[in-house]
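Single-structure report; data block below.
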Amino acid sequence: MQHGSPYGTHRVLEPLGVLPQGAWRIDNSMALYDNEILIDVAVLNIDAASFTQIKREAADDRASIASIVRGIVERRGKHHNPVTGSGGMLIGRVAEIGPALTDKVDLRVGDRIATLVSLSLTPLQITTIKEIHLDRDQIEVEAQAILFETGLYAKLPGDIPEKVALAILDVAGAPAQTARLVRPGDTVVVVGGGGKSGTLCVYEARKRAGPAGRVIGVSPFAKDCERMRKLGWVDHALQVDATDAVAMMDAIARVTAGRMADVVINCVNIQNTEMGSILAARDRGKVYFFSMATSFTAAALGAEGVGKDVDMIVGNGYARDHALFALALLRESPKLRQLFEEWYV
């Protein structure tokens with residue numbers, strides 16, 4: 001076996017000199033380097049922004065979705081949506097461990113794992129697309145993938161259903177970062193608070209802000225707002241379209257008496273919500289863009305254009321121990337666990 005770069009640069013085909021995530025095309029042959037892990041893939045959890053775009057392009061037709069997904073992987077050697085620039089993650093079973101990693105990783109052949117690195121950098125070959133779940137951004141497959149030496153992963157827990165664990169781990173960075181950002185007494189706005197990552201952030205924001213703080217969930221959908229109210233973790237569930245920046249600003253101003261939010265967390269899977277998030281924040285507030293639909297150019301230039309002095313944080317999906325943190329939320333809250341099991345089981 002050959003020895004590869006720990007970062008996977010030996011797999012890059014085009015253009016040379018970049019890391020796999022930034023490459024247009026990578027080598028997805030499944031011949032293993034001695035410091036790689038081969039995975040038999042069972043489920044792809046497609047990034048929400050990517051899956052939303054693919055569904056729209058395919059008009060929700062499963063055969064068309066399958067064709068688009070296959071086409072991306074065949075052209076690029078990975079599931080790296082060229083429109084959104086995002087990927088997702090996977091669950092599968094360890095099929096082979098390169099000899100250079102045998103004593104370096106806590107894995108054995110046969111272990112069930114979820115990768116915690118994006119599909120946008122993961123060499124992938126799809127043999128069969130078995131089922132497409134339109135309502136949960138998941139695709140059941142027969143496939144194989146490669147995890148690089150530096151690739152992050154989590155062993156799947158025995159006490160949480162696999163598809164629930166995958167859904168949680170795909171957005172584990174969001175609640176972990178929320179825990180870092182929110183302080184007691186803060187006013188927190190979660191844009192997309194009725195969705196998967198948004199629900200986790202609302203729950204964590206409620207804990208961190210405490211009784212003196214306020215949590216405001218935002219969604220354009222009445223059913224999401226009703227769910228947020230029933231769960232009981234928000235002080236206000238606002239039915240507002242975040243692409244309408246002025247409407248967002250006015251809605252948050254009304255429920256905060258003009259003070260606006262200390263922290264705004266953007267979890268939506270559509271474009272053009274940058275200014276709505278920025279205008280919802282107070283001066284010197286923080287805006288965390290977890291969504292991969294975010295245009296950071298639009299956010300930076302837009303904030304400058306309206307003279308808004310806020311700290312904007314790139315949605316890094318990784319925080320130390322974020323997988324353990326996110327799974328612990330399900331064990332901590334029966335209501336949260338029940339909701340995710342209703343969605344994904």
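Chain lettering (A, B, ...) mirrors the order of the structure tokens, residue numbering begins at 1 for each chain separately, and ligand numbering begins at 1 in order of display.
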DSSP-assigned strand (DSSP E or B) among stretch 145-282 of chain A, expressed as a VMD selection string:
chain A and resid 145 to 147 153 to 155 187 to 191 214 to 219 236 to 239 261 to 266 281 to 282
Need the shell around stretch 202-216 of chain A: protein/DNA/RNA residues with any atom at most 7 Å away, counting only C-alpha atoms. Skip same-chain ones fewer than 6 positions apart. Format as a VMD selection string?
chain A and resid 175 178 to 179 182 to 190 193 233 to 237
Report, in Å to a single decimal, how far apart atom CA of A:Ala174 and atom CA of A:Ile265 are.
8.7 Å
Just the residues within 10 Å of stretch 19-28 of chain A, please, counting only C-alpha atoms, with nothing from its chain fewer than 2 positions along; format it as a ChimeraX atom specification.
/A:7-17,30-31,73-78,80,82,85-87,117-125,144-146
What gap, in Å, lies between atom CA of A:His133 and atom CA of A:Lys163?
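Straight-line distance from atom CA of A:His133 to atom CA of A:Lys163 works out to 11.3 Å.
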Counting only C-alpha atoms, which of A:Glu36, A:Asp170, A:Glu57, A:Asp321 gets nearest to A:Arg136?
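Nearest candidate to A:Arg136 out of A:Glu36, A:Asp170, A:Glu57, A:Asp321: A:Asp170.
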Please, what distance in Å, to one decimal, runs between atom CA of A:Leu134 and atom CA of A:Ile270?
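A separation of 16.1 Å between them.
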List the spatial neighbours of A:Gly110 as a list in words - criterion: any atom at most 9 Å away, only C-alpha atoms, same-chain residues fewer than 3 positions off excluded.
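Listed by chain and then number, they are Arg93, Val94, Ala95, Glu96 and Leu107 of chain A.
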Would you save the residues from that selection as a PDB file, in the first residue's frame, using C-alpha atoms?
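Wrote again_39.pdb, looks like this:
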ATOM      1  CA  ARG A  93     -19.677   0.238   8.774  1.00  0.00           C
ATOM      2  CA  VAL A  94     -15.866   0.118   8.872  1.00  0.00           C
ATOM      3  CA  ALA A  95     -14.819  -2.284   6.105  1.00  0.00           C
ATOM      4  CA  GLU A  96     -11.028  -1.950   6.282  1.00  0.00           C
ATOM      5  CA  LEU A 107     -11.944   1.443  15.570  1.00  0.00           C
TER       6      LEU A 107
END
From the DSSP assignment of the backbone, select every residue of stretch 129-217 of chain A that is alpha helix (DSSP H), and format the answer as a count of residues only.
32
So that I can see what lies close to stretch 282-298 of chain A, please list as a PyMOL selection string the residues with an atom at most 9 Å from it, counting only C-alpha atoms and leaving out residues fewer than 2 positions away in the same chain.
chain A and resi 47-50+84-86+171+173-174+177-178+181+197+258-275+277-280+300-303+308-317
Selected residues written out with N, CA and C atoms, as a tab-separated table (two decimals), in the first residue's frame:
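And here's out.tsv as it stands now:
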chain	number	residue	atom	x	y	z
A	47	ASP	N	-26.57	17.72	3.31
A	47	ASP	CA	-26.70	19.04	3.92
A	47	ASP	C	-28.03	19.68	3.52
A	48	ALA	N	-28.69	20.32	4.49
A	48	ALA	CA	-30.05	20.83	4.26
A	48	ALA	C	-30.11	21.83	3.10
A	49	ALA	N	-29.13	22.72	3.01
A	49	ALA	CA	-29.14	23.69	1.91
A	49	ALA	C	-28.98	22.96	0.58
A	50	SER	N	-28.10	21.97	0.54
A	50	SER	CA	-27.88	21.21	-0.69
A	50	SER	C	-29.12	20.42	-1.08
A	84	THR	N	-24.53	24.89	-4.09
A	84	THR	CA	-24.46	25.37	-2.71
A	84	THR	C	-23.05	25.27	-2.12
A	85	GLY	N	-22.19	24.44	-2.72
A	85	GLY	CA	-20.84	24.25	-2.20
A	85	GLY	C	-20.77	23.37	-0.98
A	86	SER	N	-21.88	22.70	-0.63
A	86	SER	CA	-21.93	21.92	0.61
A	86	SER	C	-22.15	20.44	0.30
A	171	VAL	N	-25.56	18.14	12.49
A	171	VAL	CA	-25.67	19.55	12.90
A	171	VAL	C	-25.12	19.76	14.30
A	173	GLY	N	-22.43	20.82	15.50
A	173	GLY	CA	-21.72	22.06	15.76
A	173	GLY	C	-22.63	23.20	16.18
A	174	ALA	N	-23.89	23.17	15.74
A	174	ALA	CA	-24.79	24.30	16.01
A	174	ALA	C	-25.11	24.46	17.49
A	177	GLN	N	-21.87	25.42	19.46
A	177	GLN	CA	-21.49	26.82	19.32
A	177	GLN	C	-22.48	27.73	20.05
A	178	THR	N	-23.74	27.35	20.06
A	178	THR	CA	-24.74	28.12	20.82
A	178	THR	C	-24.37	28.18	22.29
A	181	LEU	N	-21.79	30.81	22.81
A	181	LEU	CA	-22.11	32.19	22.50
A	181	LEU	C	-23.10	32.83	23.48
A	197	SER	N	-31.57	21.77	13.09
A	197	SER	CA	-30.52	22.45	13.85
A	197	SER	C	-31.10	23.57	14.69
A	258	GLY	N	-37.35	47.39	20.89
A	258	GLY	CA	-36.32	48.09	20.15
A	258	GLY	C	-34.89	47.75	20.54
A	259	ARG	N	-34.71	46.92	21.56
A	259	ARG	CA	-33.34	46.61	22.01
A	259	ARG	C	-32.63	45.68	21.05
A	260	MET	N	-33.36	44.81	20.37
A	260	MET	CA	-32.85	43.82	19.43
A	260	MET	C	-32.11	42.69	20.17
A	261	ALA	N	-31.47	41.82	19.44
A	261	ALA	CA	-30.92	40.59	20.02
A	261	ALA	C	-29.44	40.71	20.34
A	262	ASP	N	-29.05	40.07	21.44
A	262	ASP	CA	-27.62	39.96	21.76
A	262	ASP	C	-26.95	38.94	20.85
A	263	VAL	N	-27.66	37.86	20.55
A	263	VAL	CA	-27.13	36.79	19.70
A	263	VAL	C	-28.19	36.39	18.70
A	264	VAL	N	-27.80	36.31	17.43
A	264	VAL	CA	-28.67	35.80	16.38
A	264	VAL	C	-28.01	34.57	15.78
A	265	ILE	N	-28.76	33.47	15.72
A	265	ILE	CA	-28.25	32.22	15.18
A	265	ILE	C	-29.06	31.88	13.94
A	266	ASN	N	-28.39	31.80	12.81
A	266	ASN	CA	-29.07	31.56	11.53
A	266	ASN	C	-28.91	30.10	11.14
A	267	CYS	N	-30.02	29.36	11.10
A	267	CYS	CA	-30.00	27.92	10.78
A	267	CYS	C	-30.82	27.58	9.54
A	268	VAL	N	-31.20	28.57	8.74
A	268	VAL	CA	-32.10	28.29	7.62
A	268	VAL	C	-31.35	27.65	6.46
A	269	ASN	N	-32.11	27.02	5.55
A	269	ASN	CA	-31.49	26.32	4.42
A	269	ASN	C	-31.77	26.99	3.08
A	270	ILE	N	-32.12	28.29	3.13
A	270	ILE	CA	-32.35	29.05	1.90
A	270	ILE	C	-31.45	30.27	1.88
A	271	GLN	N	-31.33	30.86	0.69
A	271	GLN	CA	-30.46	32.01	0.51
A	271	GLN	C	-31.17	33.31	0.91
A	272	ASN	N	-30.37	34.37	1.00
A	272	ASN	CA	-30.84	35.75	1.17
A	272	ASN	C	-31.47	36.05	2.53
A	273	THR	N	-30.93	35.39	3.56
A	273	THR	CA	-31.38	35.70	4.92
A	273	THR	C	-30.31	36.43	5.72
A	274	GLU	N	-29.23	36.83	5.06
A	274	GLU	CA	-28.11	37.46	5.77
A	274	GLU	C	-28.53	38.78	6.42
A	275	MET	N	-29.20	39.65	5.64
A	275	MET	CA	-29.52	40.98	6.17
A	275	MET	C	-30.61	40.93	7.23
A	277	SER	N	-30.90	38.64	9.42
A	277	SER	CA	-30.20	38.23	10.64
A	277	SER	C	-29.40	39.38	11.22
A	278	ILE	N	-28.72	40.12	10.36
A	278	ILE	CA	-27.88	41.23	10.81
A	278	ILE	C	-28.73	42.34	11.43
A	279	LEU	N	-29.84	42.67	10.79
A	279	LEU	CA	-30.69	43.75	11.31
A	279	LEU	C	-31.44	43.35	12.57
A	280	ALA	N	-31.51	42.04	12.86
A	280	ALA	CA	-32.15	41.59	14.10
A	280	ALA	C	-31.25	41.76	15.32
A	300	ALA	N	-21.00	40.38	4.84
A	300	ALA	CA	-19.98	41.38	5.17
A	300	ALA	C	-20.30	42.73	4.53
A	301	LEU	N	-20.61	42.71	3.23
A	301	LEU	CA	-20.88	43.97	2.54
A	301	LEU	C	-22.21	44.57	2.98
A	302	GLY	N	-23.18	43.69	3.28
A	302	GLY	CA	-24.48	44.18	3.73
A	302	GLY	C	-24.41	44.86	5.07
A	303	ALA	N	-23.65	44.29	6.01
A	303	ALA	CA	-23.51	44.91	7.32
A	303	ALA	C	-22.82	46.27	7.20
A	308	LYS	N	-23.88	48.54	10.39
A	308	LYS	CA	-24.18	47.68	11.54
A	308	LYS	C	-22.88	47.09	12.08
A	309	ASP	N	-22.57	47.41	13.32
A	309	ASP	CA	-21.33	46.95	13.97
A	309	ASP	C	-21.65	45.69	14.77
A	310	VAL	N	-21.57	44.54	14.10
A	310	VAL	CA	-21.84	43.26	14.77
A	310	VAL	C	-20.68	42.31	14.49
A	311	ASP	N	-20.51	41.36	15.39
A	311	ASP	CA	-19.52	40.30	15.19
A	311	ASP	C	-20.19	39.16	14.44
A	312	MET	N	-19.69	38.84	13.25
A	312	MET	CA	-20.28	37.78	12.44
A	312	MET	C	-19.36	36.57	12.47
A	313	ILE	N	-19.95	35.41	12.75
A	313	ILE	CA	-19.17	34.20	12.97
A	313	ILE	C	-19.49	33.19	11.89
A	314	VAL	N	-18.47	32.70	11.22
A	314	VAL	CA	-18.63	31.68	10.20
A	314	VAL	C	-19.11	30.39	10.85
A	315	GLY	N	-20.04	29.72	10.22
A	315	GLY	CA	-20.64	28.52	10.79
A	315	GLY	C	-19.74	27.31	10.77
A	316	ASN	N	-18.69	27.34	11.56
A	316	ASN	CA	-17.83	26.18	11.70
A	316	ASN	C	-18.64	25.02	12.28
A	317	GLY	N	-18.75	23.94	11.52
A	317	GLY	CA	-19.54	22.81	11.98
A	317	GLY	C	-18.85	21.96	13.02
For A:Ile113, list every protein, DNA or RNA residue within 7 Å, evaluated using only C-alpha atoms, and leave out those in the same chain fewer than 6 positions away; present the list as an mmCIF file with all heavy atoms, in the first residue's frame.
data_model
loop_
_atom_site.group_PDB
_atom_site.id
_atom_site.type_symbol
_atom_site.label_atom_id
_atom_site.label_comp_id
_atom_site.auth_asym_id
_atom_site.auth_seq_id
_atom_site.Cartn_x
_atom_site.Cartn_y
_atom_site.Cartn_z
ATOM 1 N N ILE A 91 -23.399 7.612 7.423
ATOM 2 C CA ILE A 91 -23.186 6.551 8.390
ATOM 3 C C ILE A 91 -22.900 5.263 7.631
ATOM 4 O O ILE A 91 -23.361 5.062 6.505
ATOM 5 C CB ILE A 91 -24.370 6.330 9.361
ATOM 6 C CG1 ILE A 91 -25.660 5.996 8.614
ATOM 7 C CG2 ILE A 91 -24.541 7.484 10.273
ATOM 8 C CD1 ILE A 91 -26.801 5.616 9.547
ATOM 9 N N GLY A 92 -22.095 4.413 8.239
ATOM 10 C CA GLY A 92 -21.743 3.160 7.601
ATOM 11 C C GLY A 92 -20.963 2.280 8.554
ATOM 12 O O GLY A 92 -20.838 2.573 9.744
ATOM 13 N N ARG A 93 -20.421 1.217 7.993
ATOM 14 C CA ARG A 93 -19.677 0.238 8.774
ATOM 15 C C ARG A 93 -18.220 0.213 8.298
ATOM 16 O O ARG A 93 -17.953 0.259 7.096
ATOM 17 C CB ARG A 93 -20.297 -1.140 8.606
ATOM 18 C CG ARG A 93 -19.781 -2.196 9.570
ATOM 19 C CD ARG A 93 -20.454 -3.533 9.326
ATOM 20 N NE ARG A 93 -21.890 -3.462 9.525
ATOM 21 C CZ ARG A 93 -22.494 -3.570 10.695
ATOM 22 N NH1 ARG A 93 -21.772 -3.735 11.802
ATOM 23 N NH2 ARG A 93 -23.810 -3.503 10.794
ATOM 24 N N TYR A 153 -14.785 11.273 13.208
ATOM 25 C CA TYR A 153 -15.883 10.312 13.160
ATOM 26 C C TYR A 153 -16.417 10.123 14.575
ATOM 27 O O TYR A 153 -15.796 10.509 15.563
ATOM 28 C CB TYR A 153 -15.407 8.960 12.604
ATOM 29 C CG TYR A 153 -14.316 8.327 13.434
ATOM 30 C CD1 TYR A 153 -14.621 7.511 14.530
ATOM 31 C CD2 TYR A 153 -12.967 8.566 13.148
ATOM 32 C CE1 TYR A 153 -13.620 6.955 15.312
ATOM 33 C CE2 TYR A 153 -11.962 8.022 13.930
ATOM 34 C CZ TYR A 153 -12.292 7.217 14.999
ATOM 35 O OH TYR A 153 -11.295 6.678 15.779
ATOM 36 N N ALA A 154 -17.589 9.513 14.655
ATOM 37 C CA ALA A 154 -18.169 9.147 15.949
ATOM 38 C C ALA A 154 -18.725 7.742 15.840
ATOM 39 O O ALA A 154 -19.401 7.414 14.858
ATOM 40 C CB ALA A 154 -19.280 10.116 16.339
ATOM 41 N N LYS A 155 -18.440 6.914 16.827
ATOM 42 C CA LYS A 155 -19.084 5.610 16.885
ATOM 43 C C LYS A 155 -20.560 5.823 17.213
ATOM 44 O O LYS A 155 -20.907 6.626 18.075
ATOM 45 C CB LYS A 155 -18.433 4.740 17.958
ATOM 46 C CG LYS A 155 -17.029 4.267 17.615
ATOM 47 C CD LYS A 155 -16.517 3.315 18.698
ATOM 48 C CE LYS A 155 -15.117 2.854 18.416
ATOM 49 N NZ LYS A 155 -14.610 1.916 19.461
ATOM 50 N N LEU A 156 -21.400 5.091 16.521
ATOM 51 C CA LEU A 156 -22.827 5.261 16.750
ATOM 52 C C LEU A 156 -23.228 4.668 18.094
ATOM 53 O O LEU A 156 -22.858 3.531 18.403
ATOM 54 C CB LEU A 156 -23.621 4.611 15.629
ATOM 55 C CG LEU A 156 -23.473 5.303 14.267
ATOM 56 C CD1 LEU A 156 -24.198 4.525 13.192
ATOM 57 C CD2 LEU A 156 -23.989 6.734 14.317
#
Best match for closeness to A:Ile39 among A:Val105, A:Leu147, A:Val69, A:Ala59, counting only C-alpha atoms:
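Under the stated criterion, the closest residue is A:Leu147.
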From the options A:Asp34, A:Glu341, A:Glu162, A:Asp40, which residue's atoms come nearest to A:Ala143, counting only C-alpha atoms?
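Result for the nearest residue to A:Ala143: A:Asp40.
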